[in-house]
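Below is the file protein_6.cif, which contains mmCIF, C-alpha atoms and all ligand atoms.
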```
data_query
#
loop_
_atom_site.label_atom_id
_atom_site.label_comp_id
_atom_site.auth_asym_id
_atom_site.auth_seq_id
_atom_site.Cartn_x
_atom_site.Cartn_y
_atom_site.Cartn_z
CA MET A 50 52.23 24.15 -122.50
CA ASP A 51 52.56 27.63 -123.99
CA ILE A 52 55.91 29.22 -124.72
CA SER A 53 56.02 31.61 -121.80
CA ARG A 54 55.23 28.81 -119.40
CA ARG A 55 57.99 26.67 -120.88
CA ARG A 56 60.38 29.60 -120.57
CA PHE A 57 59.63 29.95 -116.93
CA THR A 58 59.89 26.22 -116.34
CA ALA A 59 63.30 26.12 -117.97
CA GLY A 60 64.40 29.13 -115.95
CA ALA A 61 63.11 27.72 -112.70
CA LEU A 62 64.88 24.45 -113.35
CA LEU A 63 68.12 26.25 -113.92
CA LEU A 64 67.62 28.28 -110.79
CA ALA A 65 66.91 25.17 -108.79
CA THR A 66 69.65 22.98 -110.13
CA GLY A 67 72.24 25.72 -110.44
CA ALA A 68 72.34 25.97 -106.70
CA LEU A 69 75.69 24.66 -105.78
CA THR A 70 78.31 23.14 -108.01
CA ALA A 71 80.49 22.45 -105.07
CA ALA A 72 83.31 20.82 -106.98
CA ALA A 73 85.55 23.70 -106.60
CA HIS A 74 88.79 25.05 -105.49
CA ALA A 75 91.03 22.85 -103.46
CA ALA A 76 90.27 22.87 -99.77
CA GLN A 77 92.10 25.53 -97.85
CA LYS A 78 94.21 23.54 -95.45
CA THR A 79 95.50 26.09 -93.03
CA ALA A 80 93.81 29.18 -91.73
CA LYS A 81 95.66 32.49 -91.81
CA PRO A 82 96.69 33.85 -88.40
CA TYR A 83 94.46 36.53 -86.88
CA ARG A 84 95.64 40.09 -87.25
CA GLU A 85 93.54 43.12 -86.41
CA THR A 86 92.98 45.20 -89.53
CA GLU A 87 92.31 48.84 -90.21
CA ALA A 88 88.99 47.97 -91.94
CA GLN A 89 87.85 46.04 -88.88
CA ARG A 90 88.78 48.94 -86.59
CA ARG A 91 86.81 51.35 -88.78
CA LEU A 92 83.75 49.10 -88.59
CA THR A 93 83.82 48.51 -84.85
CA SER A 94 84.48 52.16 -83.99
CA ARG A 95 81.83 53.40 -86.44
CA LEU A 96 79.15 51.08 -85.03
CA GLY A 97 80.32 51.08 -81.41
CA ILE A 98 80.72 47.31 -81.23
CA ARG A 99 83.56 45.23 -79.78
CA HIS A 100 83.79 42.44 -82.36
CA PRO A 101 83.45 42.63 -86.16
CA ILE A 102 80.51 40.22 -86.03
CA VAL A 103 77.02 41.04 -87.29
CA GLN A 104 73.91 38.91 -86.88
CA ALA A 105 71.85 39.00 -90.10
CA VAL A 106 68.57 40.83 -89.58
CA PHE A 107 65.98 38.25 -90.58
CA GLY A 108 62.30 38.15 -89.75
CA GLY A 109 61.30 36.48 -86.53
CA SER A 110 64.38 37.70 -84.66
CA THR A 111 63.39 38.71 -81.17
CA PRO A 112 64.57 41.65 -79.05
CA GLU A 113 66.03 38.99 -76.75
CA LEU A 114 68.20 37.63 -79.57
CA ALA A 115 69.29 41.08 -80.73
CA ALA A 116 70.11 42.16 -77.17
CA ALA A 117 72.00 38.96 -76.33
CA VAL A 118 74.18 39.43 -79.41
CA ALA A 119 74.69 43.11 -78.59
CA GLU A 120 75.59 42.41 -74.99
CA ALA A 121 78.22 39.94 -76.18
CA GLY A 122 79.88 42.69 -78.23
CA ALA A 123 78.50 42.07 -81.74
CA LEU A 124 75.74 43.78 -83.73
CA GLY A 125 72.42 41.98 -83.22
CA GLY A 126 69.27 42.83 -85.11
CA MET A 127 65.65 42.26 -86.03
CA GLY A 128 64.07 42.13 -89.50
CA MET A 129 60.99 44.35 -89.41
CA SER A 130 59.75 44.35 -93.02
CA TRP A 131 56.59 42.48 -92.12
CA SER A 132 55.76 44.33 -88.91
CA SER A 133 53.34 47.14 -88.12
CA GLU A 134 54.44 50.47 -86.62
CA ALA A 135 53.23 49.42 -83.19
CA GLU A 136 55.17 46.16 -83.43
CA VAL A 137 58.33 47.94 -84.55
CA ARG A 138 58.05 50.47 -81.75
CA ALA A 139 57.49 47.74 -79.16
CA ALA A 140 60.39 45.62 -80.47
CA VAL A 141 62.85 48.54 -80.46
CA GLN A 142 61.74 49.65 -77.00
CA ARG A 143 62.08 46.10 -75.66
CA ALA A 144 65.58 45.71 -77.13
CA ARG A 145 66.59 49.08 -75.69
CA ALA A 146 65.33 48.00 -72.31
CA LEU A 147 67.50 44.89 -72.54
CA THR A 148 70.71 46.52 -73.75
CA GLN A 149 72.40 49.92 -73.96
CA LYS A 150 74.48 48.61 -76.84
CA PRO A 151 73.71 49.14 -80.54
CA PHE A 152 71.49 46.79 -82.54
CA ALA A 153 70.02 46.95 -86.05
CA ILE A 154 66.52 47.06 -87.48
CA GLY A 155 66.32 45.51 -90.95
CA TYR A 156 64.20 46.37 -93.98
CA VAL A 157 63.91 44.40 -97.21
CA MET A 158 63.32 47.25 -99.64
CA GLN A 159 61.20 45.08 -101.93
CA PHE A 160 58.61 45.58 -99.21
CA GLY A 161 59.47 49.21 -98.50
CA ALA A 162 60.47 50.70 -95.16
CA GLY A 163 57.16 52.23 -94.12
CA THR A 164 57.92 51.89 -90.42
CA LEU A 165 61.39 53.47 -90.60
CA GLN A 166 60.38 56.65 -88.78
CA ALA A 167 58.70 54.65 -86.02
CA ALA A 168 61.90 52.62 -85.57
CA LEU A 169 64.02 55.78 -85.42
CA ASP A 170 61.61 57.53 -83.06
CA ALA A 171 61.79 54.53 -80.75
CA GLY A 172 65.59 54.83 -80.75
CA ALA A 173 66.85 52.25 -83.27
CA PRO A 174 70.60 52.92 -83.41
CA VAL A 175 71.34 51.14 -86.72
CA ILE A 176 69.19 50.50 -89.81
CA GLN A 177 70.11 47.74 -92.24
CA PHE A 178 68.66 47.59 -95.77
CA SER A 179 68.65 44.84 -98.37
CA PHE A 180 67.18 44.37 -101.84
CA GLY A 181 67.36 48.10 -102.53
CA ILE A 182 68.97 51.38 -101.57
CA PRO A 183 67.33 53.91 -99.21
CA ASP A 184 66.27 57.17 -100.84
CA ALA A 185 67.48 60.65 -99.84
CA ALA A 186 64.52 61.28 -97.50
CA GLN A 187 65.11 57.99 -95.68
CA VAL A 188 68.81 58.73 -95.33
CA ALA A 189 68.01 62.22 -94.04
CA ALA A 190 65.63 60.74 -91.44
CA ILE A 191 68.34 58.32 -90.30
CA ARG A 192 70.91 61.11 -90.00
CA LYS A 193 68.49 63.39 -88.17
CA ALA A 194 67.91 60.64 -85.62
CA GLY A 195 71.67 60.21 -85.20
CA ALA A 196 71.47 56.60 -86.40
CA LYS A 197 73.77 54.68 -88.73
CA PHE A 198 72.85 52.55 -91.72
CA GLY A 199 74.22 49.64 -93.70
CA VAL A 200 73.18 48.16 -97.03
CA GLN A 201 73.41 44.55 -98.15
CA ILE A 202 74.41 44.42 -101.80
CA GLY A 203 75.19 41.65 -104.25
CA ASN A 204 77.59 43.30 -106.63
CA VAL A 205 79.73 46.29 -107.50
CA ARG A 206 76.91 48.42 -108.91
CA GLY A 207 74.95 47.94 -105.69
CA ALA A 208 78.05 48.94 -103.73
CA GLN A 209 78.46 52.13 -105.78
CA LEU A 210 74.83 53.10 -105.18
CA ALA A 211 75.01 52.35 -101.46
CA VAL A 212 78.22 54.34 -101.05
CA ALA A 213 76.70 57.24 -102.99
CA ALA A 214 73.72 57.14 -100.63
CA GLY A 215 76.12 57.54 -97.70
CA ALA A 216 76.07 54.03 -96.22
CA ASP A 217 78.10 53.56 -93.04
CA TYR A 218 78.89 49.96 -93.98
CA LEU A 219 78.16 47.44 -96.73
CA ASN A 220 77.43 43.73 -96.55
CA VAL A 221 78.53 42.01 -99.72
CA GLN A 222 76.28 39.00 -99.96
CA GLY A 223 77.13 35.88 -101.95
CA GLN A 224 74.98 33.03 -103.12
CA GLU A 225 76.49 30.98 -100.31
CA ALA A 226 73.95 32.74 -98.07
CA GLY A 227 70.90 31.24 -96.44
CA GLY A 228 67.55 32.95 -96.77
CA HIS A 229 66.74 35.42 -99.51
CA VAL A 230 69.62 36.02 -101.86
CA GLN A 231 70.18 39.07 -104.03
CA ALA A 232 73.67 38.05 -105.14
CA GLN A 233 74.44 36.58 -108.54
CA GLY A 234 77.57 34.72 -107.57
CA SER A 235 79.99 33.98 -104.76
CA TRP A 236 81.04 36.84 -102.50
CA ARG A 237 84.59 35.64 -103.11
CA ASP A 238 84.38 36.96 -106.66
CA ARG A 239 82.85 40.29 -105.63
CA LEU A 240 84.79 41.20 -102.49
CA PRO A 241 87.95 42.78 -103.99
CA GLU A 242 86.00 44.99 -106.41
CA VAL A 243 83.47 46.00 -103.76
CA ILE A 244 86.27 46.93 -101.34
CA ALA A 245 87.86 48.99 -104.11
CA VAL A 246 84.71 51.03 -104.78
CA ALA A 247 83.81 51.29 -101.08
CA GLY A 248 86.81 53.48 -100.22
CA ASP A 249 86.80 53.94 -96.45
CA VAL A 250 83.32 52.42 -96.03
CA PRO A 251 83.76 49.10 -94.21
CA VAL A 252 82.68 46.02 -96.20
CA LEU A 253 81.42 42.89 -94.45
CA VAL A 254 80.93 39.48 -96.02
CA ALA A 255 77.56 37.67 -95.83
CA GLY A 256 77.12 34.09 -96.96
CA GLY A 257 78.17 30.72 -95.65
CA LEU A 258 80.09 31.89 -92.57
CA ALA A 259 79.64 29.70 -89.50
CA THR A 260 82.83 29.66 -87.43
CA GLY A 261 85.44 32.01 -86.05
CA ALA A 262 87.87 30.58 -88.59
CA ASP A 263 85.50 31.73 -91.33
CA LEU A 264 85.60 35.20 -89.78
CA ARG A 265 89.39 35.16 -89.65
CA ASP A 266 89.37 34.08 -93.29
CA VAL A 267 87.23 37.02 -94.44
CA LEU A 268 89.20 39.53 -92.36
CA ALA A 269 92.38 38.28 -94.00
CA LEU A 270 90.74 38.82 -97.39
CA GLY A 271 90.20 42.49 -96.54
CA ALA A 272 86.63 42.41 -95.22
CA ALA A 273 85.88 44.54 -92.16
CA GLY A 274 83.76 41.82 -90.57
CA GLY A 275 81.41 38.90 -91.06
CA VAL A 276 77.63 38.60 -91.18
CA PHE A 277 76.24 35.39 -89.71
CA GLY A 278 72.65 34.43 -90.52
CA THR A 279 72.04 30.69 -90.46
CA ARG A 280 74.46 30.32 -87.54
CA PHE A 281 72.18 32.54 -85.40
CA VAL A 282 69.03 30.67 -86.47
CA ALA A 283 70.58 27.72 -84.63
CA THR A 284 70.65 29.45 -81.25
CA GLU A 285 68.47 29.10 -78.19
CA GLU A 286 66.98 32.57 -78.59
CA TYR A 287 65.81 32.30 -82.21
CA PRO A 288 62.30 30.82 -82.17
CA ALA A 289 62.71 28.39 -85.08
CA HIS A 290 60.76 25.14 -84.89
CA PRO A 291 62.79 22.32 -83.25
CA ALA A 292 62.50 20.28 -86.48
CA TYR A 293 64.19 23.14 -88.39
CA LYS A 294 66.99 23.47 -85.82
CA ALA A 295 67.42 19.67 -85.85
CA ARG A 296 67.92 19.75 -89.65
CA LEU A 297 70.44 22.61 -89.33
CA VAL A 298 72.71 20.74 -86.95
CA LYS A 299 72.96 17.67 -89.17
CA SER A 300 72.96 19.09 -92.71
CA ARG A 301 75.78 19.47 -95.22
CA ALA A 302 76.24 22.25 -97.78
CA GLY A 303 74.91 19.92 -100.46
CA ASP A 304 71.65 19.56 -98.54
CA THR A 305 70.86 23.19 -99.43
CA ALA A 306 69.43 24.49 -102.69
CA LEU A 307 69.25 27.93 -104.27
CA THR A 308 65.77 28.10 -105.67
CA VAL A 309 62.54 30.04 -106.24
CA CYS A 310 60.39 27.21 -104.88
CA PHE A 311 59.06 28.93 -101.74
CA ASP A 312 57.83 32.18 -103.24
CA LEU A 313 54.12 32.47 -102.47
CA GLU A 314 54.25 35.92 -100.83
CA TRP A 315 57.42 37.13 -102.63
CA PRO A 316 57.18 35.96 -106.23
CA ALA A 317 60.33 34.80 -108.01
CA ALA A 318 62.65 35.78 -105.16
CA LEU A 319 65.77 33.62 -104.96
CA HIS A 320 66.46 31.92 -101.68
CA ARG A 321 68.64 29.17 -100.24
CA VAL A 322 66.87 26.51 -98.20
CA LEU A 323 67.41 23.02 -96.90
CA ARG A 324 66.14 20.44 -99.38
CA ASN A 325 62.87 18.89 -98.24
CA ASP A 326 59.89 16.96 -99.63
CA THR A 327 58.19 20.11 -100.93
CA LEU A 328 61.28 21.15 -102.91
CA GLU A 329 61.97 17.66 -104.22
CA ALA A 330 58.39 17.05 -105.37
CA TRP A 331 58.41 20.47 -107.08
CA GLU A 332 61.69 19.70 -108.86
CA ALA A 333 60.56 16.20 -109.81
CA GLY A 334 57.38 17.69 -111.28
CA GLY A 335 59.38 20.01 -113.55
CA ALA A 336 59.84 23.01 -111.22
CA LEU A 337 56.66 24.52 -112.64
CA ALA A 338 55.33 28.00 -112.02
CA ARG A 339 52.60 28.81 -109.51
CA GLY A 340 49.23 27.36 -110.40
CA LEU A 341 50.95 24.21 -111.68
CA ARG A 342 52.92 23.11 -108.63
CA PRO A 343 52.28 19.82 -106.83
CA ASN A 344 49.88 20.02 -103.89
CA GLU A 345 49.88 23.78 -104.03
CA ASN A 346 46.90 24.28 -101.79
CA ASP A 347 48.05 21.98 -99.02
CA VAL A 348 48.16 23.64 -95.64
CA VAL A 349 51.46 22.43 -94.21
CA GLY A 350 51.68 24.55 -91.09
CA ARG A 351 49.29 26.10 -88.61
CA LEU A 352 49.99 28.74 -86.02
CA GLY A 353 46.92 29.59 -83.98
CA GLU A 354 44.28 30.49 -86.52
CA LEU A 355 46.85 31.08 -89.27
CA ALA A 356 47.34 28.49 -92.00
CA PHE A 357 50.45 28.32 -94.19
CA LYS A 358 50.40 26.87 -97.67
CA ARG A 359 53.11 24.62 -99.03
CA TYR A 360 55.02 27.23 -101.05
CA SER A 361 54.83 30.03 -98.48
CA ILE A 362 58.02 32.05 -97.85
CA PHE A 363 57.46 31.72 -94.11
CA PRO A 364 59.70 29.31 -92.20
CA PRO A 365 58.35 27.20 -89.35
CA PHE A 366 58.52 28.83 -85.95
CA ALA A 367 58.46 26.94 -82.69
CA PRO A 368 54.68 26.79 -82.16
CA THR A 369 53.88 25.69 -85.75
CA THR A 370 51.91 22.45 -85.98
CA GLY A 371 51.37 20.23 -89.02
CA HIS A 372 54.39 19.51 -91.22
CA PRO A 373 56.97 22.15 -90.34
CA GLU A 374 59.67 20.16 -92.12
CA ASP A 375 57.81 20.70 -95.43
CA MET A 376 58.06 24.50 -95.04
CA ALA A 377 60.91 26.82 -96.10
CA MET A 378 63.90 26.11 -93.86
CA TYR A 379 66.46 28.72 -94.87
CA ALA A 380 70.13 27.75 -94.62
CA GLY A 381 73.44 28.84 -96.10
CA ILE A 382 76.22 26.52 -97.18
CA GLY A 383 78.02 27.09 -93.87
CA VAL A 384 75.35 24.86 -92.34
CA GLU A 385 77.79 21.95 -92.43
CA ARG A 386 79.85 23.63 -89.71
CA ILE A 387 76.84 24.16 -87.44
CA ARG A 388 76.52 21.34 -84.97
CA ASP A 389 74.78 22.82 -81.94
CA THR A 390 72.25 25.43 -80.78
CA PRO A 391 74.07 27.50 -78.12
CA LYS A 392 72.90 30.68 -76.45
CA ALA A 393 73.49 33.61 -78.81
CA GLY A 394 75.88 35.38 -76.41
CA GLU A 395 77.95 32.21 -75.99
CA LEU A 396 78.07 31.88 -79.76
CA VAL A 397 79.46 35.39 -80.20
CA ALA A 398 82.13 34.68 -77.57
CA ARG A 399 83.01 31.40 -79.27
CA LEU A 400 83.21 32.94 -82.75
CA TRP A 401 85.58 35.60 -81.46
CA LYS A 402 87.70 33.15 -79.49
CA GLU A 403 88.04 30.90 -82.55
CA CYS A 404 88.86 33.90 -84.73
CA VAL A 405 91.70 35.24 -82.61
CA GLY A 406 92.81 31.89 -81.23
CA GLY A 407 93.26 30.13 -84.54
CA SER A 408 90.75 27.32 -84.03
CA GLY A 409 87.47 26.37 -85.73
CA SER A 410 87.02 24.63 -89.05
CA ILE A 411 87.39 26.95 -91.99
CA SER A 412 85.12 27.21 -95.01
CA ARG A 413 86.21 25.66 -98.25
CA PRO A 414 86.15 28.19 -101.04
CA THR A 415 83.38 27.07 -103.35
CA ARG A 416 82.62 27.93 -106.92
CA LEU A 417 78.94 28.68 -107.27
CA SER A 418 77.20 28.46 -110.59
CA LEU A 419 75.25 31.43 -111.84
CA PRO A 420 71.52 30.86 -111.61
CA GLY A 421 69.74 32.27 -114.58
CA ALA A 422 72.70 31.93 -116.91
CA GLY A 423 71.29 30.46 -120.07
CA ILE A 424 67.81 31.92 -119.83
CA GLY A 425 68.83 34.91 -121.84
CA VAL A 426 68.55 37.60 -119.21
CA ARG A 427 71.17 40.07 -118.07
CA PHE A 428 72.25 39.53 -114.48
CA ASP A 429 74.53 42.38 -113.57
CA PHE A 430 72.57 43.92 -110.74
CA ALA A 431 70.21 42.48 -108.18
CA ALA A 432 67.32 44.62 -109.35
CA ASP A 433 67.76 43.28 -112.87
CA ALA A 434 67.50 39.76 -111.59
CA ILE A 435 64.27 40.49 -109.78
CA ILE A 436 62.78 42.34 -112.74
CA ALA A 437 63.82 39.63 -115.14
CA ALA A 438 62.43 36.91 -112.93
CA ARG A 439 59.18 38.81 -112.59
CA ALA A 440 58.97 39.24 -116.33
CA LEU A 441 59.22 35.49 -116.68
CA THR A 442 56.34 34.93 -114.30
CA ARG A 443 54.12 37.81 -115.36
CA GLU A 444 51.73 35.57 -117.27
CA PHE A 445 50.95 33.73 -114.06
CA GLU A 446 50.97 36.54 -111.56
CA PRO A 447 48.92 39.60 -112.48
CA ASP A 448 50.14 41.57 -109.49
CA PRO A 449 53.50 40.09 -108.67
CA ILE A 450 54.68 42.74 -106.25
CA SER A 451 53.90 41.34 -102.87
CA ARG A 452 53.30 43.72 -99.98
CA PRO A 453 53.20 42.92 -96.30
CA ASP A 454 49.70 41.86 -95.48
CA PRO A 455 47.91 41.49 -92.18
CA ILE A 456 48.24 37.71 -92.25
CA SER A 457 52.00 37.71 -92.57
CA ARG A 458 52.27 40.47 -90.00
CA ARG A 459 50.24 38.49 -87.53
CA TRP A 460 52.37 35.47 -88.30
CA TRP A 461 55.66 37.16 -87.52
CA GLN A 462 54.08 38.61 -84.44
CA ALA A 463 52.93 35.17 -83.31
CA GLY A 464 56.40 33.84 -84.00
CA ARG A 465 57.91 36.46 -81.77
CA ALA A 466 55.48 35.86 -78.93
C1 LIG B 501 66.17 32.63 -91.87
C2 LIG B 501 66.77 33.62 -92.81
C3 LIG B 501 65.95 34.53 -93.46
C4 LIG B 501 66.49 35.48 -94.31
N1 LIG B 501 65.68 36.36 -94.94
C5 LIG B 501 66.20 37.38 -95.65
C6 LIG B 501 65.37 38.36 -96.22
O1 LIG B 501 64.14 38.31 -96.12
N2 LIG B 501 65.94 39.38 -96.90
C7 LIG B 501 67.31 39.47 -97.04
O2 LIG B 501 67.79 40.43 -97.62
N3 LIG B 501 68.12 38.52 -96.56
C8 LIG B 501 67.60 37.49 -95.87
N4 LIG B 501 68.42 36.53 -95.35
C9 LIG B 501 69.86 36.57 -95.72
C10 LIG B 501 70.69 37.35 -94.71
O3 LIG B 501 70.44 38.73 -94.88
C11 LIG B 501 72.19 37.07 -94.91
O4 LIG B 501 72.61 37.53 -96.16
C12 LIG B 501 72.52 35.59 -94.79
O5 LIG B 501 71.89 35.04 -93.66
C13 LIG B 501 74.01 35.35 -94.70
O6 LIG B 501 74.29 34.04 -95.02
P1 LIG B 501 74.31 32.83 -93.95
O7 LIG B 501 72.89 32.55 -93.60
O8 LIG B 501 74.93 31.71 -94.71
O9 LIG B 501 75.09 33.27 -92.78
C14 LIG B 501 67.90 35.55 -94.51
C15 LIG B 501 68.71 34.63 -93.86
C16 LIG B 501 68.18 33.66 -93.03
C17 LIG B 501 69.10 32.68 -92.37
#
```

Could you render the structure from this file as structure tokens?
Amino acid sequence: MDISRRRFTAGALLLATGALTAAAHAAQKTAKPYRETEAQRRLTSRLGIRHPIVQAVFGGSTPELAAAVAEAGALGGMGMSWSSEAEVRAAVQRARALTQKPFAIGYVMQFGAGTLQAALDAGAPVIQFSFGIPDAAQVAAIRKAGAKFGVQIGNVRGAQLAVAAGADYLNVQGQEAGGHVQAQGSWRDRLPEVIAVAGDVPVLVAGGLATGADLRDVLALGAAGGVFGTRFVATEEYPAHPAYKARLVKSRAGDTALTVCFDLEWPAALHRVLRNDTLEAWEAGGALARGLRPNENDVVGRLGELAFKRYSIFPPFAPTTGHPEDMAMYAGIGVERIRDTPKAGELVARLWKECVGGSGSISRPTRLSLPGAGIGVRFDFAADAIIAARALTREFEPDPISRPDPISRRWWQAGRA
């Protein structure tokens, strides 16, 4: 094995095993009482929503999900990074037909925001970015359309850049989060500093929230609201495969891993998933880089004529056949407080009732280890992490920057159908 390959293997192992050192702070026994805060009022009035609850904008979200969340008084949304202009236009128009209330369209900036104008032209009221900051032209287009925008960031530098760009709100993500993770630690360590640099820009917390008590907890810590991702995957409206939803309602935090295992179309991108046979065989085999991974060419899922390989980033949607449980099943550490798959609107009502009413089990503060520590790279900004990770894999991936391709577009489309 050459040196660069060993370097990557060591790094990948650290990433995989550094997921969650849950031995942590003592459990928080009693939740703080609910009290409406100024930050929360700024958020809800700025976005025109009733409750300080935001559904994370992940791929595969349907207009029906976004509208149900919006109708219930929270901010719903759809991730559109992998969609064509026509698909974006149709999704925004459908959501607007279902609700008069605001909803968000999400872009992962690693993949650009090429359909932003189409989303704005169709009337998208809120745009949500992650893994990057919109440029001046994109911000100008958003302002011209009278829309608002938020940015998900992982640290203070990201917050400074997003505020300088004029963001209407920030999501400070922590490694507690399910799905793709740009944070380098727990949001608990970042929140006070991010709030300090944000000034009057509302700051929401993203990562590991699953109940109204979690929301009350973050509001008491000074956040303006909470972002819920995994919790909304486990709803009737989100078209996840039943096997994925079944794992969500019975898993514990320790059943998740922060890893780079499922990175076929997005090389070296960190993500938190439920542990499964693919992940465990990869770890057991030394967490090797692409080209060296066990059963790499297996097709584990089929959707119509589309075939998904074992290490694909794509999660299993409802119509997937084959071995959906071997695919990437994204989940945050709050998964252990998810025990059902309600309608999205009922979930919003429940979260709010628990928040103000003082019920719901509260998250235990966890101490997360720093993936990448020890592999000699500087992790002080999300972009650095991505660049460093790419540098480690360069020998194996001549063109590591993945772009949306027709296959993945058709896949998301099929998942939404
Ligand atoms: C199924 C799923 C897919 C996700 N994909 C992305 C993504 O592609 N890009 C991104 O910035 N965040 C992604 N996320 C993370 C969310 O933006 C958000 O930070 C996260 O869901 C919050 O943590 P939670 O899932 O524990 O609630 C994803 C989350 C989930 C659950």

Q.
Just the number, please: distance in Å from atom CA of A:Ala190 to atom CA of A:Gly223, one decimal.
A. 29.3 Å

Q. To one decimal place, how far is atom CA of A:Ala272 from atom CA of A:Pro241 in Å?
A.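 Separation of atom CA of A:Ala272 and atom CA of A:Pro241: 8.9 Å.
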
Q) For the atom pair atom CA of A:Val200 and atom O4 of ligand LIG 501 (chain B), what is the interatomic distance in Å to one decimal place? A)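 Between these atoms lies a distance of 10.7 Å.
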
Q: Enumerate, as a list in words, the protein, DNA and RNA residues whose atoms approach (79.6, 48.4, -108.7) to within 10 Å, taking into account all atoms listed in the file and the coordinate frame of the file.
A: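 Those within range, by chain then number, are Ile202, Gly203, Asn204, Val205, Arg206, Gly207, Ala208, Gln209, Leu210, Ala211, Val212, Arg239, Glu242, Val243, Ala245, Val246, Ala247, Asp429 and Phe430 of chain A.
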
Set the cut-off to 8 Å, count only C-alpha atoms and all ligand atoms, and list whatever residues fall near ligand LIG 501 (chain B) as a PDB file with C-alpha atoms, in the frame of the given file.
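Contents of result-v1.pdb, freshly written:
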```
ATOM      1  CA  ALA A 105      71.850  39.000 -90.100  1.00  0.00           C
ATOM      2  CA  VAL A 106      68.570  40.830 -89.580  1.00  0.00           C
ATOM      3  CA  PHE A 107      65.980  38.250 -90.580  1.00  0.00           C
ATOM      4  CA  GLY A 108      62.300  38.150 -89.750  1.00  0.00           C
ATOM      5  CA  GLY A 128      64.070  42.130 -89.500  1.00  0.00           C
ATOM      6  CA  TYR A 156      64.200  46.370 -93.980  1.00  0.00           C
ATOM      7  CA  VAL A 157      63.910  44.400 -97.210  1.00  0.00           C
ATOM      8  CA  PHE A 178      68.660  47.590 -95.770  1.00  0.00           C
ATOM      9  CA  SER A 179      68.650  44.840 -98.370  1.00  0.00           C
ATOM     10  CA  PHE A 180      67.180  44.370-101.840  1.00  0.00           C
ATOM     11  CA  GLN A 201      73.410  44.550 -98.150  1.00  0.00           C
ATOM     12  CA  ASN A 220      77.430  43.730 -96.550  1.00  0.00           C
ATOM     13  CA  GLN A 222      76.280  39.000 -99.960  1.00  0.00           C
ATOM     14  CA  GLY A 223      77.130  35.880-101.950  1.00  0.00           C
ATOM     15  CA  GLU A 225      76.490  30.980-100.310  1.00  0.00           C
ATOM     16  CA  ALA A 226      73.950  32.740 -98.070  1.00  0.00           C
ATOM     17  CA  GLY A 227      70.900  31.240 -96.440  1.00  0.00           C
ATOM     18  CA  GLY A 228      67.550  32.950 -96.770  1.00  0.00           C
ATOM     19  CA  HIS A 229      66.740  35.420 -99.510  1.00  0.00           C
ATOM     20  CA  VAL A 230      69.620  36.020-101.860  1.00  0.00           C
ATOM     21  CA  GLN A 231      70.180  39.070-104.030  1.00  0.00           C
ATOM     22  CA  ALA A 255      77.560  37.670 -95.830  1.00  0.00           C
ATOM     23  CA  GLY A 256      77.120  34.090 -96.960  1.00  0.00           C
ATOM     24  CA  GLY A 257      78.170  30.720 -95.650  1.00  0.00           C
ATOM     25  CA  LEU A 258      80.090  31.890 -92.570  1.00  0.00           C
ATOM     26  CA  ALA A 259      79.640  29.700 -89.500  1.00  0.00           C
ATOM     27  CA  VAL A 276      77.630  38.600 -91.180  1.00  0.00           C
ATOM     28  CA  PHE A 277      76.240  35.390 -89.710  1.00  0.00           C
ATOM     29  CA  GLY A 278      72.650  34.430 -90.520  1.00  0.00           C
ATOM     30  CA  THR A 279      72.040  30.690 -90.460  1.00  0.00           C
ATOM     31  CA  ARG A 280      74.460  30.320 -87.540  1.00  0.00           C
ATOM     32  CA  PHE A 281      72.180  32.540 -85.400  1.00  0.00           C
ATOM     33  CA  VAL A 282      69.030  30.670 -86.470  1.00  0.00           C
ATOM     34  CA  PRO A 364      59.700  29.310 -92.200  1.00  0.00           C
ATOM     35  CA  MET A 378      63.900  26.110 -93.860  1.00  0.00           C
ATOM     36  CA  TYR A 379      66.460  28.720 -94.870  1.00  0.00           C
ATOM     37  CA  ALA A 380      70.130  27.750 -94.620  1.00  0.00           C
ATOM     38  CA  GLY A 381      73.440  28.840 -96.100  1.00  0.00           C
ATOM     39  CA  ILE A 382      76.220  26.520 -97.180  1.00  0.00           C
ATOM     40  CA  GLY A 383      78.020  27.090 -93.870  1.00  0.00           C
ATOM     41  CA  VAL A 384      75.350  24.860 -92.340  1.00  0.00           C
TER      42      VAL A 384
END
```

(Q) Please determine, counting only C-alpha atoms, which residue among A:Ala377, A:Leu253, A:Ala168, A:Ala336 has the shortest atom-to-atom distance to A:Thr305. (A)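 Counting only C-alpha atoms, the residue closest to A:Thr305 is A:Ala377.
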
Q: Find the residue from A:His320, A:Glu385, A:Ala269, A:Val137 that sits nearest to A:Asp304; use all atoms listed in the file when measuring.
A: A:Glu385

Q: For A:Pro174, list every protein, DNA or RNA residue within 8 Å, evaluated using all atoms listed in the file, and leave out those in the same chain fewer than 2 positions away; present the list as a VMD selection string.
A: chain A and resid 151 to 153 169 172 176 195 to 197

Q | Shell around A:Asp266 at 9 Å using all atoms listed in the file, local window under 2 positions removed, as a ChimeraX atom specification | A | /A:80-83,261-264,268-270,272,404,411-412

Q) Quick one: residues within 9 Å of stretch 85-100 of chain A, all atoms listed in the file counted, chain neighbours fewer than 5 positions away excluded, as a ChimeraX atom specification? A) /A:119,121-124,150-151,174-175,197,217-218,249-253,268-269,271-274,397,401,405
